[in-house]
Amino acid sequence: MRTRTDFRIFVEPQEGASYEAQLRFAQAAEELGFEGFFRSDHYLRMGAGDGLPGPTDAWTTLAGLARETKRIRLGTLMTSATFRLPGVLAVQVAQVDAMSGGRIELGLGAGWYREEHDAYGIPFPERRFDRLEEQLAVITGIWATPPGETFDFAGEHYRLTDCPALPKPVQSRMPVIIGGTGARRTPALAARYATEFNLPFVSVERTRELADGAREAAIAIGRPPGDVLCSNAVFTCVGRDGGEFARRAERTGRDVAALRADGLVGSPAEVVERIGRFQEAGTRRFYLQLADLDDLDHLELIASQVVPQFG
């Protein structure tokens, strides 16, 4: 038995998935014992294909899932800071947390995909990282303000005056996830605001470097280095044998051979070995990116032959 690790499912519905498909996948993941179900926050498909039936809004979807699941944790990797004003997002997340009974986590990023902003008329400002930093200050400040008091903020990009700082999340400390591969500013931001630092689609070697950087950033501000959990988002494709793996890999439409360096691909034994290497580099939680939301057998295979190896 290897070191205990959390396994969460991560999906990209903008590639073509209805709310019903996401619900079915989330409920199956919950029944099979996965710790969380997380989704991207995008409005435009990336690459070839029609993306039918069209995009679904992340927080509208999570509100529905909050009422139709019971145990599994729910959240975003990552909500784009360009899509929502921080005060409004604080209200949305707190409300969905209440709807779920305290199972929501906010992954928040600066936003990067210019084409979807152009497609849906969303402004794509400069200095997005500076805006992200102010958003984090506003959102966490609203949640931390004691009931009966107001919250004020005067930044370069956002100003709040006499905000009632309501509603409050159910959770006394709302989990906040910050992710990225920057060597300096992102780990520093995670050390200041996050409960989790997520590393998206990077190698074991790069994971080790970034995890070390996050620990150093925490120490620099007097925070215990283990207080910020390090996680990886990892493309995942598993098959019981070579034939099943090849068929499943072909359906993803990706060059799986090129993803072997950074992903969890192959037989269950190969994936278990690979997870162990990420663990040694500092990973304590995995977001398994699965491409086919109709492939419930894929979920069952991972749940029965991979997850039990890690407690």
# chains A, B, ... in the order shown; residues from 1 in each chain; ligands from 1
$ closest_atom_pairs --of "region 1-47 of chain A" --to "region 77-88 of chain A" --cutoff "6 Å" --atoms "only C-alpha atoms" --output "CSV"
residue,atom,partner,partner_atom,distance
A:Arg39,CA,A:Leu77,CA,6.0
A:Ser40,CA,A:Leu77,CA,5.1
A:Asp41,CA,A:Thr79,CA,5.2
$ write_last_selection --atoms "N, CA and C atoms" --output "tab-separated table (two decimals), in the first residue's frame"
chain	number	residue	atom	x	y	z
A	39	ARG	N	-14.52	21.04	-12.54
A	39	ARG	CA	-14.66	21.33	-13.96
A	39	ARG	C	-13.93	22.63	-14.31
A	40	SER	N	-13.63	22.76	-15.61
A	40	SER	CA	-13.02	23.97	-16.11
A	40	SER	C	-14.06	25.09	-16.16
A	41	ASP	N	-13.59	26.31	-16.42
A	41	ASP	CA	-14.47	27.47	-16.57
A	41	ASP	C	-14.13	28.12	-17.91
$ closest_atom_pairs --of "region 222-251 of chain A" --to "region 178-192 of chain A" --cutoff "12 Å" --atoms "only C-alpha atoms" --output "JSON lines"
{"residue": "A:Gly222", "atom": "CA", "partner": "A:Ala191", "partner_atom": "CA", "distance": 9.5}
{"residue": "A:Arg223", "atom": "CA", "partner": "A:Ala191", "partner_atom": "CA", "distance": 7.5}
{"residue": "A:Pro224", "atom": "CA", "partner": "A:Ala191", "partner_atom": "CA", "distance": 9.5}
{"residue": "A:Pro225", "atom": "CA", "partner": "A:Ala191", "partner_atom": "CA", "distance": 8.7}
{"residue": "A:Gly226", "atom": "CA", "partner": "A:Ala191", "partner_atom": "CA", "distance": 10.4}
{"residue": "A:Asp227", "atom": "CA", "partner": "A:Ala191", "partner_atom": "CA", "distance": 8.7}
{"residue": "A:Val228", "atom": "CA", "partner": "A:Ala191", "partner_atom": "CA", "distance": 6.9}
{"residue": "A:Leu229", "atom": "CA", "partner": "A:Ala190", "partner_atom": "CA", "distance": 10.0}
{"residue": "A:Cys230", "atom": "CA", "partner": "A:Gly179", "partner_atom": "CA", "distance": 9.5}
{"residue": "A:Ser231", "atom": "CA", "partner": "A:Gly179", "partner_atom": "CA", "distance": 9.0}
{"residue": "A:Asn232", "atom": "CA", "partner": "A:Gly179", "partner_atom": "CA", "distance": 9.1}
{"residue": "A:Ala233", "atom": "CA", "partner": "A:Gly179", "partner_atom": "CA", "distance": 9.5}
$ closest_residue --among "A:Val96, A:Ile122, A:Ala17, A:Val176" --to "Thr56 (chain A)" --atoms "only C-alpha atoms"
A:Ala17
$ residues_around --residues "Arg24 (chain A)" --least-positions-apart "5" --cutoff "12 Å" --atoms "only C-alpha atoms" --output "VMD selection string"
chain A and resid 17 to 19 29 to 31 37 64 to 65 68 to 69 293 to 296 299
$ atom_distance --atom1 "CA of Thr207 (chain A)" --atom2 "CA of Arg4 (chain A)"
18.3 Å
$ select_by_dssp --residues "region 118-196 of chain A" --states "alpha helix (DSSP H)" --output "VMD selection string"
chain A and resid 118 to 120 128 to 144 185 to 193
$ write_last_selection --atoms "C-alpha atoms" --output "short mmCIF file (atom, residue, chain, number, x, y, z; two decimals), in the first residue's frame"
data_model
loop_
_atom_site.label_atom_id
_atom_site.label_comp_id
_atom_site.auth_asym_id
_atom_site.auth_seq_id
_atom_site.Cartn_x
_atom_site.Cartn_y
_atom_site.Cartn_z
CA ASP A 118 -13.69 37.83 -28.12
CA ALA A 119 -16.35 35.25 -29.01
CA TYR A 120 -18.65 36.17 -26.12
CA ARG A 128 -4.62 40.27 -15.55
CA PHE A 129 -2.36 38.91 -12.82
CA ASP A 130 -2.61 42.19 -10.93
CA ARG A 131 -6.39 41.98 -11.23
CA LEU A 132 -6.31 38.40 -9.97
CA GLU A 133 -4.37 39.48 -6.90
CA GLU A 134 -6.94 42.16 -6.12
CA GLN A 135 -9.79 39.70 -6.70
CA LEU A 136 -8.29 37.31 -4.16
CA ALA A 137 -7.92 40.12 -1.64
CA VAL A 138 -11.55 41.15 -2.15
CA ILE A 139 -13.08 37.67 -2.09
CA THR A 140 -11.15 36.41 0.94
CA GLY A 141 -11.65 39.77 2.65
CA ILE A 142 -15.43 39.59 2.22
CA TRP A 143 -15.55 36.06 3.60
CA ALA A 144 -13.29 36.93 6.56
CA ARG A 185 4.55 35.37 -8.53
CA THR A 186 2.19 32.39 -8.58
CA PRO A 187 3.77 30.52 -5.63
CA ALA A 188 3.87 33.80 -3.69
CA LEU A 189 0.18 34.39 -4.37
CA ALA A 190 -0.64 30.83 -3.32
CA ALA A 191 1.34 31.23 -0.11
CA ARG A 192 -0.62 34.36 0.74
CA TYR A 193 -4.17 33.34 -0.17
#
$ residues_around --residues "Tyr287 (chain A)" --least-positions-apart "4" --cutoff "6 Å" --atoms "only C-alpha atoms" --output "PyMOL selection string"
chain A and resi 8-10+233
$ write_last_selection --atoms "N, CA and C atoms" --output "mmCIF file, in the first residue's frame"
data_model
loop_
_atom_site.group_PDB
_atom_site.id
_atom_site.type_symbol
_atom_site.label_atom_id
_atom_site.label_comp_id
_atom_site.auth_asym_id
_atom_site.auth_seq_id
_atom_site.Cartn_x
_atom_site.Cartn_y
_atom_site.Cartn_z
ATOM 1 N N ARG A 8 -9.410 13.235 -7.419
ATOM 2 C CA ARG A 8 -10.567 13.980 -7.861
ATOM 3 C C ARG A 8 -10.679 13.882 -9.379
ATOM 4 N N ILE A 9 -11.882 13.984 -9.873
ATOM 5 C CA ILE A 9 -12.133 13.942 -11.306
ATOM 6 C C ILE A 9 -12.191 15.371 -11.835
ATOM 7 N N PHE A 10 -11.584 15.574 -12.992
ATOM 8 C CA PHE A 10 -11.550 16.892 -13.620
ATOM 9 C C PHE A 10 -11.997 16.765 -15.072
ATOM 10 N N ALA A 233 -2.972 18.595 -11.753
ATOM 11 C CA ALA A 233 -3.984 18.231 -12.737
ATOM 12 C C ALA A 233 -3.261 17.425 -13.815
#
$ closest_residue --among "A:Pro53, A:Arg45, A:Leu23, A:Pro125" --to "Ala66 (chain A)" --atoms "only C-alpha atoms"
A:Leu23
$ atom_distance --atom1 "CA of Pro175 (chain A)" --atom2 "CA of Val238 (chain A)"
29.6 Å
$ closest_residue --among "A:Thr5, A:Gln95, A:Gln309, A:Gln289" --to "Glu273 (chain A)" --atoms "only C-alpha atoms"
A:Gln309
$ select_by_dssp --residues "region 145-179 of chain A" --states "strand (DSSP E)" --output "list in words"
Phe151, Asp152, Phe153, Ala154, Arg159, Leu160, Thr161, Asp162, Cys163, Val176, Ile177, Ile178 and Gly179 of chain A
$ write_last_selection --atoms "N, CA, C and O atoms" --output "CSV table (one decimal), in the first residue's frame"
chain,number,residue,atom,x,y,z
A,151,PHE,N,-17.1,45.7,4.7
A,151,PHE,CA,-15.8,45.5,4.1
A,151,PHE,C,-15.6,46.6,3.1
A,151,PHE,O,-16.4,46.9,2.3
A,152,ASP,N,-14.4,47.2,3.1
A,152,ASP,CA,-14.0,48.3,2.2
A,152,ASP,C,-12.7,47.8,1.5
A,152,ASP,O,-11.8,47.2,2.1
A,153,PHE,N,-12.6,48.2,0.3
A,153,PHE,CA,-11.3,47.9,-0.5
A,153,PHE,C,-11.1,49.0,-1.5
A,153,PHE,O,-12.0,49.4,-2.2
A,154,ALA,N,-9.9,49.5,-1.5
A,154,ALA,CA,-9.5,50.5,-2.5
A,154,ALA,C,-8.3,50.1,-3.3
A,154,ALA,O,-7.2,50.2,-2.8
A,159,ARG,N,-12.9,48.7,-6.4
A,159,ARG,CA,-13.2,49.5,-5.2
A,159,ARG,C,-14.5,49.1,-4.6
A,159,ARG,O,-15.5,49.0,-5.3
A,160,LEU,N,-14.6,48.8,-3.3
A,160,LEU,CA,-15.8,48.4,-2.6
A,160,LEU,C,-16.0,49.3,-1.4
A,160,LEU,O,-15.0,49.6,-0.7
A,161,THR,N,-17.2,49.8,-1.2
A,161,THR,CA,-17.5,50.7,-0.1
A,161,THR,C,-18.7,50.2,0.7
A,161,THR,O,-19.7,49.9,0.1
A,162,ASP,N,-18.5,50.0,2.0
A,162,ASP,CA,-19.6,49.5,2.9
A,162,ASP,C,-20.2,48.3,2.4
A,162,ASP,O,-21.4,48.1,2.4
A,163,CYS,N,-19.4,47.3,1.9
A,163,CYS,CA,-19.9,46.0,1.5
A,163,CYS,C,-20.4,45.3,2.7
A,163,CYS,O,-19.6,45.1,3.7
A,176,VAL,N,-9.4,27.7,-1.2
A,176,VAL,CA,-9.1,28.5,-2.3
A,176,VAL,C,-7.9,27.8,-3.0
A,176,VAL,O,-6.8,27.5,-2.4
A,177,ILE,N,-8.0,27.5,-4.3
A,177,ILE,CA,-7.0,26.9,-5.1
A,177,ILE,C,-6.4,27.9,-6.1
A,177,ILE,O,-7.1,28.5,-6.8
A,178,ILE,N,-5.1,28.0,-6.1
A,178,ILE,CA,-4.4,28.8,-7.0
A,178,ILE,C,-3.4,27.9,-7.8
A,178,ILE,O,-2.7,27.1,-7.2
A,179,GLY,N,-3.4,28.1,-9.1
A,179,GLY,CA,-2.5,27.2,-9.9
A,179,GLY,C,-1.8,27.9,-10.9
A,179,GLY,O,-2.1,29.1,-11.3
$ closest_residue --among "A:Thr60, A:Gln171, A:Thr76, A:Thr283" --to "Ala94 (chain A)" --atoms "only C-alpha atoms"
A:Gln171
$ closest_residue --among "A:Ala220, A:Ala291, A:Val265, A:Val271" --to "Val306 (chain A)" --atoms "only C-alpha atoms"
A:Val271
$ closest_residue --among "A:Ala63, A:Leu301, A:Ala246, A:Val234" --to "Leu259 (chain A)" --atoms "only C-alpha atoms"
A:Val234
$ residues_around --residues "Gly239 (chain A)" --least-positions-apart "6" --cutoff "8 Å" --atoms "only C-alpha atoms" --output "PyMOL selection string"
chain A and resi 245-246+248+266-268+298+301
$ write_last_selection --atoms "all heavy atoms" --output "PDB file, in the first residue's frame"
ATOM      1  N   PHE A 245      -6.672   0.080 -23.913  1.00  0.00           N
ATOM      2  CA  PHE A 245      -5.987   1.365 -23.798  1.00  0.00           C
ATOM      3  C   PHE A 245      -5.930   2.070 -25.154  1.00  0.00           C
ATOM      4  O   PHE A 245      -6.197   3.273 -25.250  1.00  0.00           O
ATOM      5  CB  PHE A 245      -4.575   1.176 -23.251  1.00  0.00           C
ATOM      6  CG  PHE A 245      -3.743   2.425 -23.317  1.00  0.00           C
ATOM      7  CD1 PHE A 245      -3.993   3.478 -22.459  1.00  0.00           C
ATOM      8  CD2 PHE A 245      -2.733   2.559 -24.261  1.00  0.00           C
ATOM      9  CE1 PHE A 245      -3.241   4.645 -22.529  1.00  0.00           C
ATOM     10  CE2 PHE A 245      -1.984   3.718 -24.337  1.00  0.00           C
ATOM     11  CZ  PHE A 245      -2.230   4.758 -23.468  1.00  0.00           C
ATOM     12  N   ALA A 246      -5.596   1.353 -26.200  1.00  0.00           N
ATOM     13  CA  ALA A 246      -5.490   1.960 -27.534  1.00  0.00           C
ATOM     14  C   ALA A 246      -6.827   2.525 -27.989  1.00  0.00           C
ATOM     15  O   ALA A 246      -6.893   3.628 -28.547  1.00  0.00           O
ATOM     16  CB  ALA A 246      -4.971   0.927 -28.530  1.00  0.00           C
ATOM     17  N   ARG A 248      -9.343   3.475 -26.084  1.00  0.00           N
ATOM     18  CA  ARG A 248      -9.705   4.632 -25.248  1.00  0.00           C
ATOM     19  C   ARG A 248      -8.844   5.835 -25.617  1.00  0.00           C
ATOM     20  O   ARG A 248      -9.341   6.976 -25.681  1.00  0.00           O
ATOM     21  CB  ARG A 248      -9.531   4.243 -23.774  1.00  0.00           C
ATOM     22  CG  ARG A 248     -10.027   5.269 -22.776  1.00  0.00           C
ATOM     23  CD  ARG A 248     -10.184   4.648 -21.414  1.00  0.00           C
ATOM     24  NE  ARG A 248     -11.448   3.928 -21.280  1.00  0.00           N
ATOM     25  CZ  ARG A 248     -11.601   2.757 -20.656  1.00  0.00           C
ATOM     26  NH1 ARG A 248     -10.555   2.147 -20.107  1.00  0.00           N
ATOM     27  NH2 ARG A 248     -12.785   2.188 -20.581  1.00  0.00           N
ATOM     28  N   GLY A 266      -1.683   4.456 -19.687  1.00  0.00           N
ATOM     29  CA  GLY A 266      -1.216   3.085 -19.803  1.00  0.00           C
ATOM     30  C   GLY A 266      -2.069   2.128 -19.000  1.00  0.00           C
ATOM     31  O   GLY A 266      -3.266   2.346 -18.785  1.00  0.00           O
ATOM     32  N   SER A 267      -1.450   1.059 -18.534  1.00  0.00           N
ATOM     33  CA  SER A 267      -2.138   0.055 -17.723  1.00  0.00           C
ATOM     34  C   SER A 267      -2.294   0.563 -16.297  1.00  0.00           C
ATOM     35  O   SER A 267      -1.620   1.511 -15.884  1.00  0.00           O
ATOM     36  CB  SER A 267      -1.330  -1.241 -17.708  1.00  0.00           C
ATOM     37  OG  SER A 267      -0.114  -1.044 -16.990  1.00  0.00           O
ATOM     38  N   PRO A 268      -3.181  -0.061 -15.489  1.00  0.00           N
ATOM     39  CA  PRO A 268      -3.270   0.344 -14.085  1.00  0.00           C
ATOM     40  C   PRO A 268      -1.933   0.301 -13.365  1.00  0.00           C
ATOM     41  O   PRO A 268      -1.620   1.206 -12.583  1.00  0.00           O
ATOM     42  CB  PRO A 268      -4.266  -0.666 -13.506  1.00  0.00           C
ATOM     43  CG  PRO A 268      -5.151  -1.014 -14.659  1.00  0.00           C
ATOM     44  CD  PRO A 268      -4.230  -1.039 -15.847  1.00  0.00           C
ATOM     45  N   HIS A 298     -14.453   3.745 -17.626  1.00  0.00           N
ATOM     46  CA  HIS A 298     -13.130   4.294 -17.320  1.00  0.00           C
ATOM     47  C   HIS A 298     -13.047   4.689 -15.846  1.00  0.00           C
ATOM     48  O   HIS A 298     -12.059   4.395 -15.149  1.00  0.00           O
ATOM     49  CB  HIS A 298     -12.863   5.508 -18.217  1.00  0.00           C
ATOM     50  CG  HIS A 298     -11.427   5.898 -18.330  1.00  0.00           C
ATOM     51  ND1 HIS A 298     -11.029   7.080 -18.907  1.00  0.00           N
ATOM     52  CD2 HIS A 298     -10.286   5.272 -17.954  1.00  0.00           C
ATOM     53  CE1 HIS A 298      -9.709   7.164 -18.876  1.00  0.00           C
ATOM     54  NE2 HIS A 298      -9.237   6.083 -18.298  1.00  0.00           N
ATOM     55  N   LEU A 301     -12.833   1.530 -13.708  1.00  0.00           N
ATOM     56  CA  LEU A 301     -11.505   0.911 -13.766  1.00  0.00           C
ATOM     57  C   LEU A 301     -10.529   1.620 -12.848  1.00  0.00           C
ATOM     58  O   LEU A 301      -9.799   0.985 -12.076  1.00  0.00           O
ATOM     59  CB  LEU A 301     -10.995   0.947 -15.215  1.00  0.00           C
ATOM     60  CG  LEU A 301      -9.545   0.504 -15.433  1.00  0.00           C
ATOM     61  CD1 LEU A 301      -9.353  -0.948 -15.004  1.00  0.00           C
ATOM     62  CD2 LEU A 301      -9.147   0.708 -16.895  1.00  0.00           C
TER      63      LEU A 301
END
$ residues_around --residues "Asp57 (chain A)" --least-positions-apart "4" --cutoff "8 Å" --atoms "only C-alpha atoms" --output "list of chain:residue names"
A:Asp41, A:His42, A:Tyr43, A:Thr61
$ write_last_selection --atoms "all heavy atoms" --output "CSV table (one decimal), in the first residue's frame"
chain,number,residue,atom,x,y,z
A,41,ASP,N,-13.6,26.3,-16.4
A,41,ASP,CA,-14.5,27.5,-16.6
A,41,ASP,C,-14.1,28.1,-17.9
A,41,ASP,O,-13.4,29.1,-18.0
A,41,ASP,CB,-14.3,28.4,-15.4
A,41,ASP,CG,-15.3,29.6,-15.4
A,41,ASP,OD1,-16.3,29.5,-16.1
A,41,ASP,OD2,-15.0,30.6,-14.7
A,42,HIS,N,-14.7,27.6,-19.0
A,42,HIS,CA,-14.5,28.1,-20.3
A,42,HIS,C,-15.8,28.1,-21.1
A,42,HIS,O,-16.7,27.3,-20.8
A,42,HIS,CB,-13.5,27.2,-21.1
A,42,HIS,CG,-12.0,27.3,-20.6
A,42,HIS,ND1,-11.3,28.5,-20.8
A,42,HIS,CD2,-11.2,26.5,-20.0
A,42,HIS,CE1,-10.1,28.3,-20.3
A,42,HIS,NE2,-10.0,27.1,-19.8
A,43,TYR,N,-15.8,29.0,-22.1
A,43,TYR,CA,-17.0,29.1,-22.9
A,43,TYR,C,-16.8,28.8,-24.4
A,43,TYR,O,-17.7,28.8,-25.2
A,43,TYR,CB,-17.5,30.6,-22.8
A,43,TYR,CG,-18.1,31.0,-21.5
A,43,TYR,CD1,-17.5,32.0,-20.7
A,43,TYR,CD2,-19.2,30.3,-21.0
A,43,TYR,CE1,-18.0,32.3,-19.5
A,43,TYR,CE2,-19.7,30.7,-19.7
A,43,TYR,CZ,-19.1,31.7,-19.0
A,43,TYR,OH,-19.6,32.0,-17.8
A,61,THR,N,-23.6,25.3,-13.3
A,61,THR,CA,-23.5,23.8,-13.3
A,61,THR,C,-23.3,23.3,-11.9
A,61,THR,O,-23.9,22.4,-11.4
A,61,THR,CB,-22.4,23.4,-14.2
A,61,THR,OG1,-22.7,23.7,-15.6
A,61,THR,CG2,-22.2,21.8,-14.1
$ atom_distance --atom1 "CA of Gly148 (chain A)" --atom2 "CA of Asp97 (chain A)"
20.5 Å
$ residues_around --residues "Ala48 (chain A)" --least-positions-apart "3" --cutoff "10 Å" --atoms "only C-alpha atoms" --output "VMD selection string"
chain A and resid 15 45 51 253
$ write_last_selection --atoms "C-alpha atoms" --output "mmCIF file, in the first residue's frame"
data_model
loop_
_atom_site.group_PDB
_atom_site.id
_atom_site.type_symbol
_atom_site.label_atom_id
_atom_site.label_comp_id
_atom_site.auth_asym_id
_atom_site.auth_seq_id
_atom_site.Cartn_x
_atom_site.Cartn_y
_atom_site.Cartn_z
ATOM 1 C CA GLU A 15 -15.306 20.436 -25.432
ATOM 2 C CA ARG A 45 -13.957 24.760 -27.346
ATOM 3 C CA GLY A 51 -18.427 21.586 -29.206
ATOM 4 C CA GLY A 253 -8.250 12.627 -30.009
#
